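> Provided below: data36.txt, containing compact mmCIF, C-alpha atoms and all ligand atoms.
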```txt
# COMPACT_ATOMS: atom_id res chain seq x y z
CA MET A 1 180.87 -30.28 234.11
CA ARG A 2 178.92 -29.52 237.22
CA ARG A 3 180.73 -26.77 239.13
CA ILE A 4 182.06 -28.00 242.43
CA SER A 5 184.26 -25.78 244.55
CA ASN A 6 187.90 -26.56 245.22
CA ARG A 7 188.32 -26.08 248.90
CA GLY A 8 191.59 -27.95 249.18
CA VAL A 9 192.67 -30.55 251.70
CA THR A 10 193.65 -29.69 255.25
CA ALA A 11 196.68 -31.53 256.61
CA ALA A 12 195.76 -33.53 259.65
CA THR A 13 197.82 -35.74 261.86
CA ALA A 14 195.11 -37.09 264.17
CA LEU A 15 194.53 -40.74 263.43
CA LEU A 16 191.02 -40.78 264.75
CA THR A 17 188.63 -37.88 265.02
CA LEU A 18 185.04 -37.59 266.11
CA VAL A 19 182.68 -34.78 265.22
CA VAL A 20 179.10 -34.61 266.40
CA THR A 21 177.03 -31.74 265.10
CA ALA A 22 173.40 -30.80 265.39
CA GLY A 23 171.66 -29.24 262.43
CA PRO A 24 169.97 -30.03 259.15
CA ALA A 25 171.60 -33.08 257.69
CA GLY A 26 169.37 -34.14 254.86
CA ALA A 27 167.44 -36.74 256.81
CA ALA A 28 164.01 -36.24 258.29
CA PRO A 29 164.16 -34.17 261.49
CA GLY A 30 163.28 -35.27 264.94
CA ALA A 31 165.43 -38.04 266.31
CA ASP A 32 168.22 -37.73 268.86
CA PRO A 33 170.60 -40.64 268.23
CA ARG A 34 171.79 -40.61 271.82
CA ARG A 35 168.29 -41.38 273.03
CA GLY A 36 167.15 -43.78 270.36
CA THR A 37 163.91 -43.54 268.49
CA SER A 38 160.97 -45.86 267.97
CA VAL A 39 160.82 -45.38 264.22
CA GLY A 40 162.77 -46.75 261.36
CA THR A 41 163.83 -50.21 262.47
CA GLY A 42 161.28 -52.00 260.36
CA THR A 43 160.81 -54.32 263.32
CA GLY A 44 158.64 -52.16 265.57
CA ALA A 45 161.46 -52.04 268.11
CA PRO A 46 163.20 -48.77 269.02
CA LEU A 47 166.21 -47.80 266.95
CA PRO A 48 169.20 -47.89 269.30
CA ALA A 49 171.49 -44.88 269.61
CA PRO A 50 174.60 -45.17 267.42
CA ASP A 51 177.75 -46.33 269.18
CA PRO A 52 180.54 -43.85 268.27
CA ASP A 53 183.19 -45.97 269.98
CA GLY A 54 182.06 -49.04 268.07
CA VAL A 55 182.20 -47.10 264.81
CA GLY A 56 185.67 -45.80 265.66
CA ASP A 57 186.85 -49.26 266.60
CA ALA A 58 185.68 -50.70 263.26
CA LEU A 59 187.48 -47.89 261.42
CA LYS A 60 190.69 -48.55 263.34
CA ARG A 61 190.42 -52.23 262.46
CA THR A 62 189.93 -51.26 258.80
CA LEU A 63 193.25 -49.40 259.00
CA ALA A 64 194.90 -52.33 260.74
CA ALA A 65 193.73 -54.49 257.81
CA GLY A 66 195.63 -52.26 255.39
CA ALA A 67 193.47 -49.27 254.42
CA PRO A 68 195.29 -45.90 254.56
CA GLY A 69 192.06 -44.25 255.74
CA ALA A 70 188.47 -44.94 256.63
CA MET A 71 185.49 -42.85 257.66
CA THR A 72 181.84 -43.05 258.64
CA ARG A 73 179.13 -40.43 258.68
CA VAL A 74 175.81 -41.06 260.44
CA ASP A 75 172.93 -38.72 259.61
CA ASP A 76 170.21 -39.18 262.16
CA GLY A 77 167.48 -36.60 262.10
CA ARG A 78 169.14 -33.30 262.84
CA THR A 79 172.25 -34.88 264.30
CA THR A 80 175.37 -35.87 262.42
CA LEU A 81 178.07 -38.15 263.74
CA SER A 82 181.35 -38.24 261.84
CA ARG A 83 184.28 -40.49 262.57
CA THR A 84 187.51 -40.66 260.60
CA ALA A 85 190.70 -42.65 260.89
CA GLY A 86 193.94 -42.47 258.95
CA VAL A 87 194.76 -40.48 255.85
CA SER A 88 193.07 -39.42 252.62
CA ASP A 89 196.44 -38.91 250.92
CA THR A 90 199.47 -40.97 251.81
CA ALA A 91 201.84 -38.42 250.23
CA THR A 92 200.66 -35.36 252.17
CA GLY A 93 199.38 -37.10 255.28
CA ALA A 94 196.10 -35.19 255.05
CA GLY A 95 193.50 -36.79 257.28
CA MET A 96 190.34 -38.51 256.11
CA ASP A 97 187.53 -36.00 255.78
CA THR A 98 183.81 -36.74 255.72
CA ASP A 99 183.35 -33.80 253.33
CA GLY A 100 185.75 -35.45 250.89
CA ARG A 101 184.74 -36.81 247.50
CA PHE A 102 185.45 -40.34 246.43
CA ARG A 103 184.38 -42.92 243.85
CA ILE A 104 181.22 -44.69 245.02
CA GLY A 105 181.36 -47.64 242.60
CA SER A 106 178.12 -49.56 242.45
CA VAL A 107 176.19 -47.21 244.71
CA THR A 108 175.83 -45.59 241.26
CA LYS A 109 173.38 -48.42 240.46
CA THR A 110 170.90 -46.94 242.92
CA PHE A 111 171.18 -43.55 241.19
CA SER A 112 170.52 -45.20 237.82
CA THR A 113 167.54 -47.09 239.24
CA VAL A 114 166.00 -43.89 240.64
CA VAL A 115 166.19 -42.27 237.20
CA LEU A 116 164.69 -45.38 235.62
CA MET A 117 161.85 -45.58 238.15
CA GLN A 118 161.02 -41.93 237.58
CA LEU A 119 160.74 -42.75 233.87
CA VAL A 120 158.41 -45.60 234.81
CA ALA A 121 156.29 -43.15 236.83
CA GLU A 122 156.12 -40.88 233.80
CA GLY A 123 154.92 -43.75 231.60
CA ALA A 124 158.05 -43.60 229.46
CA VAL A 125 159.27 -47.09 230.45
CA ASP A 126 157.42 -50.29 231.29
CA PRO A 127 159.59 -52.32 233.69
CA ASP A 128 158.16 -55.57 232.40
CA ALA A 129 158.69 -54.76 228.75
CA PRO A 130 161.53 -56.41 226.86
CA VAL A 131 164.63 -54.27 226.59
CA GLU A 132 164.26 -54.91 222.86
CA ARG A 133 161.34 -52.43 222.80
CA TYR A 134 163.67 -49.55 223.76
CA LEU A 135 167.00 -50.76 222.42
CA PRO A 136 166.22 -52.90 219.36
CA GLY A 137 168.94 -55.35 218.40
CA VAL A 138 171.22 -54.48 221.34
CA LEU A 139 170.82 -57.64 223.45
CA PRO A 140 171.08 -61.21 222.15
CA ASP A 141 167.97 -62.43 224.00
CA THR A 142 164.70 -60.60 223.42
CA ARG A 143 163.19 -62.17 226.57
CA ILE A 144 165.31 -59.91 228.81
CA THR A 145 163.11 -57.27 230.46
CA VAL A 146 163.99 -53.99 232.13
CA ARG A 147 163.17 -55.53 235.52
CA HIS A 148 165.57 -58.40 234.81
CA LEU A 149 168.36 -55.84 234.38
CA LEU A 150 167.50 -53.95 237.58
CA SER A 151 167.33 -57.15 239.63
CA HIS A 152 170.42 -58.83 238.11
CA ARG A 153 168.35 -61.60 236.56
CA SER A 154 169.10 -61.03 232.88
CA GLY A 155 171.66 -63.82 232.50
CA LEU A 156 174.07 -61.34 230.90
CA TRP A 157 177.70 -62.13 231.70
CA ASP A 158 179.60 -59.56 233.78
CA TYR A 159 182.40 -58.38 231.47
CA SER A 160 184.35 -57.02 234.48
CA ASN A 161 185.08 -60.61 235.57
CA ASP A 162 187.47 -60.86 232.63
CA MET A 163 188.85 -57.32 232.87
CA PHE A 164 190.03 -57.59 236.46
CA ALA A 165 191.14 -61.23 236.67
CA ARG A 166 194.61 -59.74 237.40
CA THR A 167 194.00 -56.75 239.60
CA VAL A 168 196.67 -54.13 238.86
CA PRO A 169 197.36 -55.06 235.22
CA GLY A 170 193.60 -55.19 234.66
CA PHE A 171 193.16 -51.77 236.17
CA GLU A 172 196.10 -50.21 234.29
CA ALA A 173 194.71 -51.59 231.03
CA VAL A 174 191.44 -49.66 231.48
CA ARG A 175 192.27 -46.67 233.67
CA ASP A 176 192.53 -44.32 230.65
CA ARG A 177 190.21 -46.20 228.32
CA VAL A 178 186.96 -44.75 227.06
CA PHE A 179 184.52 -47.53 226.18
CA THR A 180 181.39 -47.22 224.15
CA VAL A 181 178.37 -49.00 225.60
CA ARG A 182 178.40 -51.20 222.52
CA GLU A 183 181.96 -52.31 223.30
CA LEU A 184 181.03 -53.23 226.89
CA ILE A 185 177.95 -55.14 225.79
CA ASP A 186 179.99 -56.95 223.14
CA LEU A 187 182.48 -58.03 225.82
CA ALA A 188 179.59 -59.46 227.83
CA THR A 189 177.78 -61.17 224.98
CA ALA A 190 180.98 -62.82 223.78
CA HIS A 191 180.16 -65.20 226.66
CA PRO A 192 177.13 -67.46 226.66
CA ALA A 193 174.25 -66.39 228.89
CA THR A 194 174.72 -67.35 232.53
CA ALA A 195 171.03 -68.27 232.96
CA VAL A 196 167.64 -68.09 231.30
CA PRO A 197 166.36 -64.50 231.75
CA GLY A 198 164.33 -64.06 234.93
CA THR A 199 165.38 -67.28 236.61
CA THR A 200 168.58 -66.60 238.54
CA TYR A 201 170.10 -63.74 240.53
CA GLN A 202 173.60 -63.14 239.18
CA TYR A 203 175.19 -59.76 239.81
CA SER A 204 176.48 -58.20 236.58
CA ASN A 205 177.72 -54.71 235.77
CA THR A 206 176.47 -55.32 232.24
CA ASN A 207 172.88 -54.93 233.43
CA PHE A 208 173.38 -51.37 234.57
CA VAL A 209 175.40 -50.33 231.55
CA VAL A 210 172.35 -51.35 229.51
CA ILE A 211 170.11 -49.39 231.92
CA GLY A 212 172.24 -46.30 231.21
CA ALA A 213 171.86 -46.81 227.46
CA LEU A 214 168.12 -47.23 227.90
CA ILE A 215 167.85 -43.99 229.92
CA GLU A 216 169.75 -42.12 227.21
CA LYS A 217 167.61 -43.60 224.43
CA VAL A 218 164.28 -42.87 226.11
CA THR A 219 165.11 -39.36 227.35
CA GLY A 220 167.36 -38.18 224.54
CA ARG A 221 169.71 -36.88 227.24
CA THR A 222 172.92 -38.22 228.75
CA VAL A 223 172.82 -40.13 232.04
CA ARG A 224 174.86 -37.31 233.49
CA GLU A 225 172.10 -34.82 232.66
CA GLU A 226 169.49 -37.17 234.04
CA TYR A 227 171.36 -37.70 237.33
CA GLU A 228 171.71 -33.94 237.64
CA ARG A 229 168.15 -32.89 236.84
CA ARG A 230 166.41 -35.69 238.73
CA ILE A 231 168.67 -36.29 241.77
CA ILE A 232 171.74 -34.10 242.19
CA ASP A 233 170.13 -30.68 241.69
CA PRO A 234 166.81 -31.33 243.51
CA LEU A 235 168.64 -32.73 246.54
CA ASP A 236 171.39 -30.09 246.28
CA LEU A 237 174.14 -32.72 246.34
CA ARG A 238 177.10 -30.38 245.95
CA ASN A 239 179.75 -33.07 246.18
CA THR A 240 178.13 -35.45 243.73
CA ALA A 241 178.98 -35.63 240.05
CA TYR A 242 179.15 -37.92 237.07
CA VAL A 243 182.16 -36.73 235.11
CA HIS A 244 182.83 -39.75 232.89
CA PRO A 245 185.22 -39.90 231.09
CA GLU A 246 187.14 -37.22 233.00
CA THR A 247 189.77 -38.91 235.13
CA SER A 248 190.12 -36.57 238.11
CA ILE A 249 188.06 -35.82 241.20
CA SER A 250 187.88 -32.06 241.71
CA GLY A 251 187.79 -30.25 245.03
CA LYS A 252 188.37 -31.89 248.37
CA ARG A 253 189.07 -35.48 247.44
CA ILE A 254 189.90 -38.76 249.07
CA ARG A 255 192.69 -40.48 247.16
CA GLY A 256 192.14 -44.18 246.43
CA TYR A 257 194.77 -46.91 246.82
CA LEU A 258 194.40 -50.26 245.08
CA THR A 259 195.86 -53.31 246.83
CA PRO A 260 197.92 -55.47 244.43
CA ASP A 261 197.39 -59.24 244.37
CA GLU A 262 201.03 -59.81 245.33
CA ALA A 263 201.42 -59.86 249.12
CA GLY A 264 203.55 -56.99 250.38
CA ALA A 265 203.54 -55.05 247.10
CA PRO A 266 202.97 -51.30 247.60
CA LEU A 267 199.49 -49.85 247.18
CA VAL A 268 198.79 -48.30 243.77
CA ASP A 269 197.30 -44.80 243.70
CA SER A 270 194.20 -45.38 241.59
CA THR A 271 192.45 -42.03 242.15
CA GLU A 272 192.64 -40.92 238.54
CA GLN A 273 190.77 -43.14 236.08
CA THR A 274 187.96 -42.77 233.56
CA VAL A 275 185.81 -45.47 235.23
CA SER A 276 184.58 -45.94 231.69
CA TRP A 277 184.46 -49.68 232.32
CA ALA A 278 181.56 -49.00 234.73
CA GLN A 279 179.75 -45.84 233.54
CA SER A 280 176.12 -45.97 234.76
CA ALA A 281 176.99 -49.12 236.73
CA GLY A 282 179.64 -47.42 238.85
CA ALA A 283 181.18 -44.07 237.85
CA VAL A 284 179.50 -41.54 240.19
CA ILE A 285 181.62 -39.47 242.60
CA SER A 286 180.08 -38.36 245.91
CA SER A 287 180.69 -37.65 249.60
CA PRO A 288 179.34 -39.34 252.74
CA GLY A 289 176.94 -36.49 253.51
CA ASP A 290 175.55 -36.47 249.98
CA LEU A 291 175.08 -40.25 249.95
CA ASP A 292 173.29 -40.13 253.30
CA ARG A 293 171.02 -37.41 251.96
CA PHE A 294 170.35 -39.43 248.80
CA MET A 295 169.52 -42.65 250.65
CA SER A 296 167.32 -40.79 253.15
CA ALA A 297 165.44 -39.11 250.34
CA LEU A 298 164.96 -42.39 248.49
CA LEU A 299 163.67 -44.46 251.42
CA GLY A 300 161.85 -41.40 252.75
CA GLY A 301 159.76 -41.45 249.57
CA ARG A 302 161.01 -38.20 248.09
CA LEU A 303 162.55 -39.54 244.87
CA VAL A 304 160.42 -42.43 243.67
CA ARG A 305 156.63 -42.86 243.80
CA ALA A 306 155.54 -44.99 246.78
CA ASP A 307 154.28 -47.98 244.80
CA LEU A 308 157.44 -48.02 242.70
CA LEU A 309 159.64 -47.77 245.78
CA GLU A 310 157.81 -50.86 247.05
CA ARG A 311 158.80 -52.64 243.82
CA MET A 312 162.44 -51.63 244.42
CA LEU A 313 162.17 -53.16 247.90
CA GLU A 314 160.94 -56.57 246.74
CA MET A 315 164.02 -58.54 247.68
CA THR A 316 165.39 -61.99 246.99
CA PRO A 317 168.54 -63.47 248.58
CA SER A 318 171.79 -62.35 246.97
CA ASP A 319 173.71 -65.19 248.61
CA GLY A 320 173.19 -68.02 251.07
CA SER A 321 173.81 -65.93 254.19
CA GLY A 322 170.13 -65.37 254.92
CA VAL A 323 170.89 -61.72 255.72
CA ARG A 324 171.77 -60.18 252.34
CA PHE A 325 169.17 -59.48 249.66
CA TYR A 326 168.80 -57.60 246.37
CA GLY A 327 165.76 -55.76 245.06
CA LEU A 328 165.86 -53.32 242.14
CA GLY A 329 169.19 -51.46 242.27
CA LEU A 330 169.01 -51.71 246.04
CA ARG A 331 170.42 -54.07 248.63
CA ARG A 332 169.00 -55.05 252.01
CA ARG A 333 171.14 -56.23 254.93
CA ASP A 334 169.64 -57.65 258.07
CA LEU A 335 171.91 -56.57 260.91
CA SER A 336 172.72 -58.71 263.95
CA CYS A 337 170.22 -56.74 266.06
CA GLY A 338 167.45 -57.63 263.62
CA ILE A 339 167.24 -54.22 261.94
CA PRO A 340 167.04 -54.33 258.13
CA VAL A 341 168.88 -51.55 256.31
CA TYR A 342 168.63 -50.59 252.65
CA GLY A 343 171.18 -49.14 250.29
CA HIS A 344 174.13 -50.33 248.25
CA THR A 345 177.78 -51.23 248.49
CA GLY A 346 180.52 -50.17 246.11
CA THR A 347 183.91 -51.46 245.10
CA VAL A 348 185.93 -49.48 242.62
CA GLN A 349 189.71 -49.50 242.44
CA GLY A 350 190.92 -47.74 245.60
CA TYR A 351 187.57 -47.39 247.36
CA TYR A 352 185.12 -49.48 249.38
CA THR A 353 181.74 -47.90 250.18
CA TYR A 354 178.74 -48.86 252.27
CA SER A 355 175.72 -46.53 252.11
CA PHE A 356 172.60 -47.73 253.94
CA THR A 357 169.51 -46.30 255.59
CA THR A 358 166.56 -47.43 257.67
CA ARG A 359 163.24 -48.30 256.05
CA ASP A 360 161.92 -44.82 256.76
CA GLY A 361 165.18 -43.12 255.72
CA ARG A 362 165.62 -41.45 259.08
CA ARG A 363 169.05 -42.80 259.91
CA SER A 364 171.54 -43.04 257.07
CA VAL A 365 175.10 -44.25 257.32
CA THR A 366 177.92 -44.06 254.79
CA SER A 367 181.29 -45.67 255.41
CA VAL A 368 184.27 -45.50 253.11
CA ALA A 369 187.77 -46.94 253.06
CA ASN A 370 190.32 -45.72 250.55
CA THR A 371 191.54 -49.09 249.47
CA SER A 372 190.13 -52.10 247.61
CA ASN A 373 191.06 -55.66 246.66
CA ASN A 374 191.43 -56.24 250.40
CA GLY A 375 188.60 -58.44 251.60
CA THR A 376 189.43 -58.12 255.28
CA ALA A 377 189.38 -54.32 255.15
CA ASN A 378 186.02 -54.44 253.36
CA THR A 379 184.52 -56.87 255.84
CA VAL A 380 185.57 -54.95 258.96
CA LEU A 381 184.49 -51.66 257.39
CA GLY A 382 181.03 -53.24 257.21
CA ASP A 383 181.09 -53.54 261.01
CA THR A 384 180.56 -49.77 261.16
CA LEU A 385 176.96 -50.48 260.12
CA GLU A 386 176.45 -52.71 263.15
CA ALA A 387 177.73 -50.00 265.51
CA ALA A 388 175.90 -47.18 263.75
CA PHE A 389 172.49 -48.87 263.53
CA CYS A 390 172.55 -51.43 266.34
CA GLY A 391 174.44 -49.32 268.88
CA LYS A 392 176.28 -50.78 271.83
CA ARG A 393 174.54 -54.12 271.61
CA ALA A 394 176.39 -54.84 268.39
CA THR A 395 178.22 -58.13 268.29
CA ALA A 396 181.82 -58.42 269.46
CA PRO A 397 184.36 -57.13 266.94
CA ARG A 398 185.67 -59.57 264.40
CA ALA A 399 189.17 -60.71 265.33
CA LEU A 400 191.78 -59.26 263.01
CA THR A 401 193.64 -62.53 263.11
CA ALA A 402 190.71 -64.18 261.34
CA ARG A 403 191.65 -65.62 257.97
CA ALA A 404 191.11 -63.07 255.22
CA PRO A 405 188.39 -64.18 252.81
CA LEU A 406 189.61 -65.56 249.53
CA PRO A 407 188.77 -63.30 246.58
CA GLU A 408 186.06 -65.63 245.33
CA GLU A 409 184.55 -65.83 248.83
CA GLU A 410 184.53 -62.07 249.10
CA ALA A 411 183.00 -61.65 245.65
CA SER A 412 180.25 -64.16 246.30
CA ALA A 413 179.52 -62.65 249.71
CA ALA A 414 179.31 -59.17 248.25
CA ARG A 415 177.41 -59.92 245.08
S1 LIG A 501 181.61 -55.86 242.49
C1 LIG A 501 180.69 -55.84 244.02
C2 LIG A 501 180.31 -54.35 244.19
N1 LIG A 501 180.15 -53.82 242.87
C3 LIG A 501 180.63 -54.61 241.75
C4 LIG A 501 181.25 -53.35 241.21
C5 LIG A 501 180.73 -52.69 242.43
N2 LIG A 501 182.65 -53.29 241.12
C6 LIG A 501 183.36 -53.99 240.28
O1 LIG A 501 182.83 -54.70 239.45
C7 LIG A 501 184.85 -53.82 240.40
C8 LIG A 501 185.53 -55.11 240.27
C9 LIG A 501 187.03 -55.00 240.41
C10 LIG A 501 187.47 -54.41 241.71
C11 LIG A 501 188.92 -54.68 242.05
C12 LIG A 501 189.18 -53.96 243.37
O2 LIG A 501 189.00 -54.56 244.42
O3 LIG A 501 189.50 -52.76 243.27
N3 LIG A 501 189.14 -56.10 242.22
C13 LIG A 501 189.90 -56.80 241.40
O4 LIG A 501 190.47 -56.33 240.45
C14 LIG A 501 190.02 -58.27 241.78
N4 LIG A 501 190.89 -58.99 240.91
C15 LIG A 501 179.50 -56.74 243.88
C16 LIG A 501 181.60 -56.28 245.15
C17 LIG A 501 179.05 -54.14 245.04
O5 LIG A 501 179.24 -54.12 246.24
O6 LIG A 501 177.95 -54.04 244.50
O7 LIG A 501 180.95 -51.67 242.95
```
Before anything else, please render the file you have as structure tokens.

Amino acid sequence: MRRISNRGVTAATALLTLVVTAGPAGAAPGADPRRGTSVGTGTGAPLPAPDPDGVGDALKRTLAAGAPGAMTRVDDGRTTLSRTAGVSDTATGAGMDTDGRFRIGSVTKTFSTVVLMQLVAEGAVDPDAPVERYLPGVLPDTRITVRHLLSHRSGLWDYSNDMFARTVPGFEAVRDRVFTVRELIDLATAHPATAVPGTTYQYSNTNFVVIGALIEKVTGRTVREEYERRIIDPLDLRNTAYVHPETSISGKRIRGYLTPDEAGAPLVDSTEQTVSWAQSAGAVISSPGDLDRFMSALLGGRLVRADLLERMLEMTPSDGSGVRFYGLGLRRRDLSCGIPVYGHTGTVQGYYTYSFTTRDGRRSVTSVANTSNNGTANTVLGDTLEAAFCGKRATAPRALTARAPLPEEEASAAR
């Protein structure tokens, strides 16, 4: 296992804290967020200064919606803005901590895509080749290409739909399980294809489990080794690890609390789990600073060759909103101020994550809440992006009395 220090958790009683520091933060130097900058919006307009009060307000509303804690870190040139609210551990009362480690869920898909695109750059993988070329006999349809997997257009059923139909029982059934990739693919292919390969966007964890298997087949190394040698070590991401199937998060950690389906039932501490159901689709652990550094490096052109990054950024709508898109292992969101941001979201039991950056990677924002299966908390946590990228002109806060989205509404909005 990658060595990560155990610095312990400091007890904190403050509900809301703000830290602004100047210094190297992993993003390109130069911009002062309080003055705004003319780069990075993708629109030609100046990037507004982040709105710390707006960020803090969104975090408070995330708590009011039921999350024990929430936090945002903005890395903007040499300036870092950190906001936290609530607790990282309901038993000790320790405060949220932007140096804390948590489960990033599907932000893992962007890590897997970076490894894959580096293999494309090396000539080891052709994105338009059938998966069959690299993993003979593994998928039922030989028309499925590598690009179909990365863009969620394979037509492979998402096995996690069945696993988590009942939230807590579903989680408890898999929290200590160790799945082989073959078992996960078999769960998916027990269902008919959802579409003809290449025709339809349909988010599926299955795609990125197959990507992990492909990486391991082509390189002869584990995905963990590949994440480490291609991303974690070069970027010096000290709080980032892939420890599957180990169940614990070492060092300073944010505990995760799963919201049961039954109204009023107590939150379930879901920190410890193998995440074997997700593997290369969702099992990475990281911290806000590390994710900001990763996203800045990716959009800043320091991880993937420029022409291949452009391929990752070729987006199609991921829903009917007109503001959410999916490329290759990467999402785009068009914010209310017209600024497009790029990154990924994550939902894994006990944690919601947003990690996004500007087109040039110069402002990166990661927000985390330590709960899940709570659509309202997830939606209002997303408002931190508005405040962090759009600044004070962000739209008025969503009313907390608004009807919480139904699970299927939330899933379709997110996927
Ligand atoms: S779902 C998403 C998100 N992605 C996908 C992946 C991830 N996470 C999962 O597939 C987890 C599903 C179960 C999560 C669980 C909860 O809330 O903890 N929910 C239930 O059990 C509901 N019955 C598309 C939202 C993404 O943002 O990409 O991460």
> Please identify all protein, DNA and RNA residues within 9 Å of ligand LIG 501 (chain A), counting all atoms listed in the file, and report them as a VMD selection string.
chain A and resid 104 to 109 158 to 161 163 to 171 203 to 205 257 to 261 270 277 to 278 281 to 282 331 344 to 354 371 to 375 407 410 to 415
> Can you pull out every residue within 8 Å of Leu184 (chain A), counting only C-alpha atoms, but drop anything in the same chain fewer than 2 positions away, and send it as a PDB file with C-alpha atoms, in the frame of the given file?

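Produced file out-v6.pdb, reproduced below:
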```
ATOM      1  CA  TYR A 159     182.400 -58.380 231.470  1.00  0.00           C
ATOM      2  CA  PHE A 179     184.520 -47.530 226.180  1.00  0.00           C
ATOM      3  CA  THR A 180     181.390 -47.220 224.150  1.00  0.00           C
ATOM      4  CA  VAL A 181     178.370 -49.000 225.600  1.00  0.00           C
ATOM      5  CA  ARG A 182     178.400 -51.200 222.520  1.00  0.00           C
ATOM      6  CA  ASP A 186     179.990 -56.950 223.140  1.00  0.00           C
ATOM      7  CA  LEU A 187     182.480 -58.030 225.820  1.00  0.00           C
ATOM      8  CA  ALA A 188     179.590 -59.460 227.830  1.00  0.00           C
ATOM      9  CA  THR A 206     176.470 -55.320 232.240  1.00  0.00           C
ATOM     10  CA  VAL A 209     175.400 -50.330 231.550  1.00  0.00           C
ATOM     11  CA  TRP A 277     184.460 -49.680 232.320  1.00  0.00           C
TER      12      TRP A 277
END
```
> Which distance in Å separates CA of Gly251 (chain A) and CA of Ser287 (chain A), to one decimal?
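Going from CA of Gly251 (chain A) over to CA of Ser287 (chain A) covers 11.2 Å.
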> Go through A:Thr240, A:Arg147, A:Thr366, A:Val223 and flag the residue nearest Ala70 (chain A), using all atoms listed in the file for the distances.
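The answer is A:Thr366, which sits nearest to Ala70 (chain A).
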> One decimal, Å: what's the distance from CA of Ser276 (chain A) over to CA of Met295 (chain A), could you say?
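These two atoms are separated by 24.4 Å.
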> Considering only C-alpha atoms, can you say which of A:Ala283, A:Ala265, A:Leu291, A:Ile232 comes closest to Thr98 (chain A)?
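Nearest to Thr98 (chain A): A:Leu291.
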> Kindly give the distance, in Å, that separates CA of Ile215 (chain A) and CA of Met315 (chain A), rounded to a single decimal.
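Here the two named atoms are 23.3 Å from each other.
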> Got a sec: who's within 12 Å of Gly155 (chain A), counting only C-alpha atoms, leaving out chain neighbours fewer than 2 positions off, as a PyMOL selection string?
chain A and resi 139-145+148-153+157-158+188-189+191-207
> I'd like to know which of A:Thr84, A:Ile254, A:Asp360, A:Arg332 is closest to Leu59 (chain A), using only C-alpha atoms.
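Closest residue, counting only C-alpha atoms: A:Thr84.
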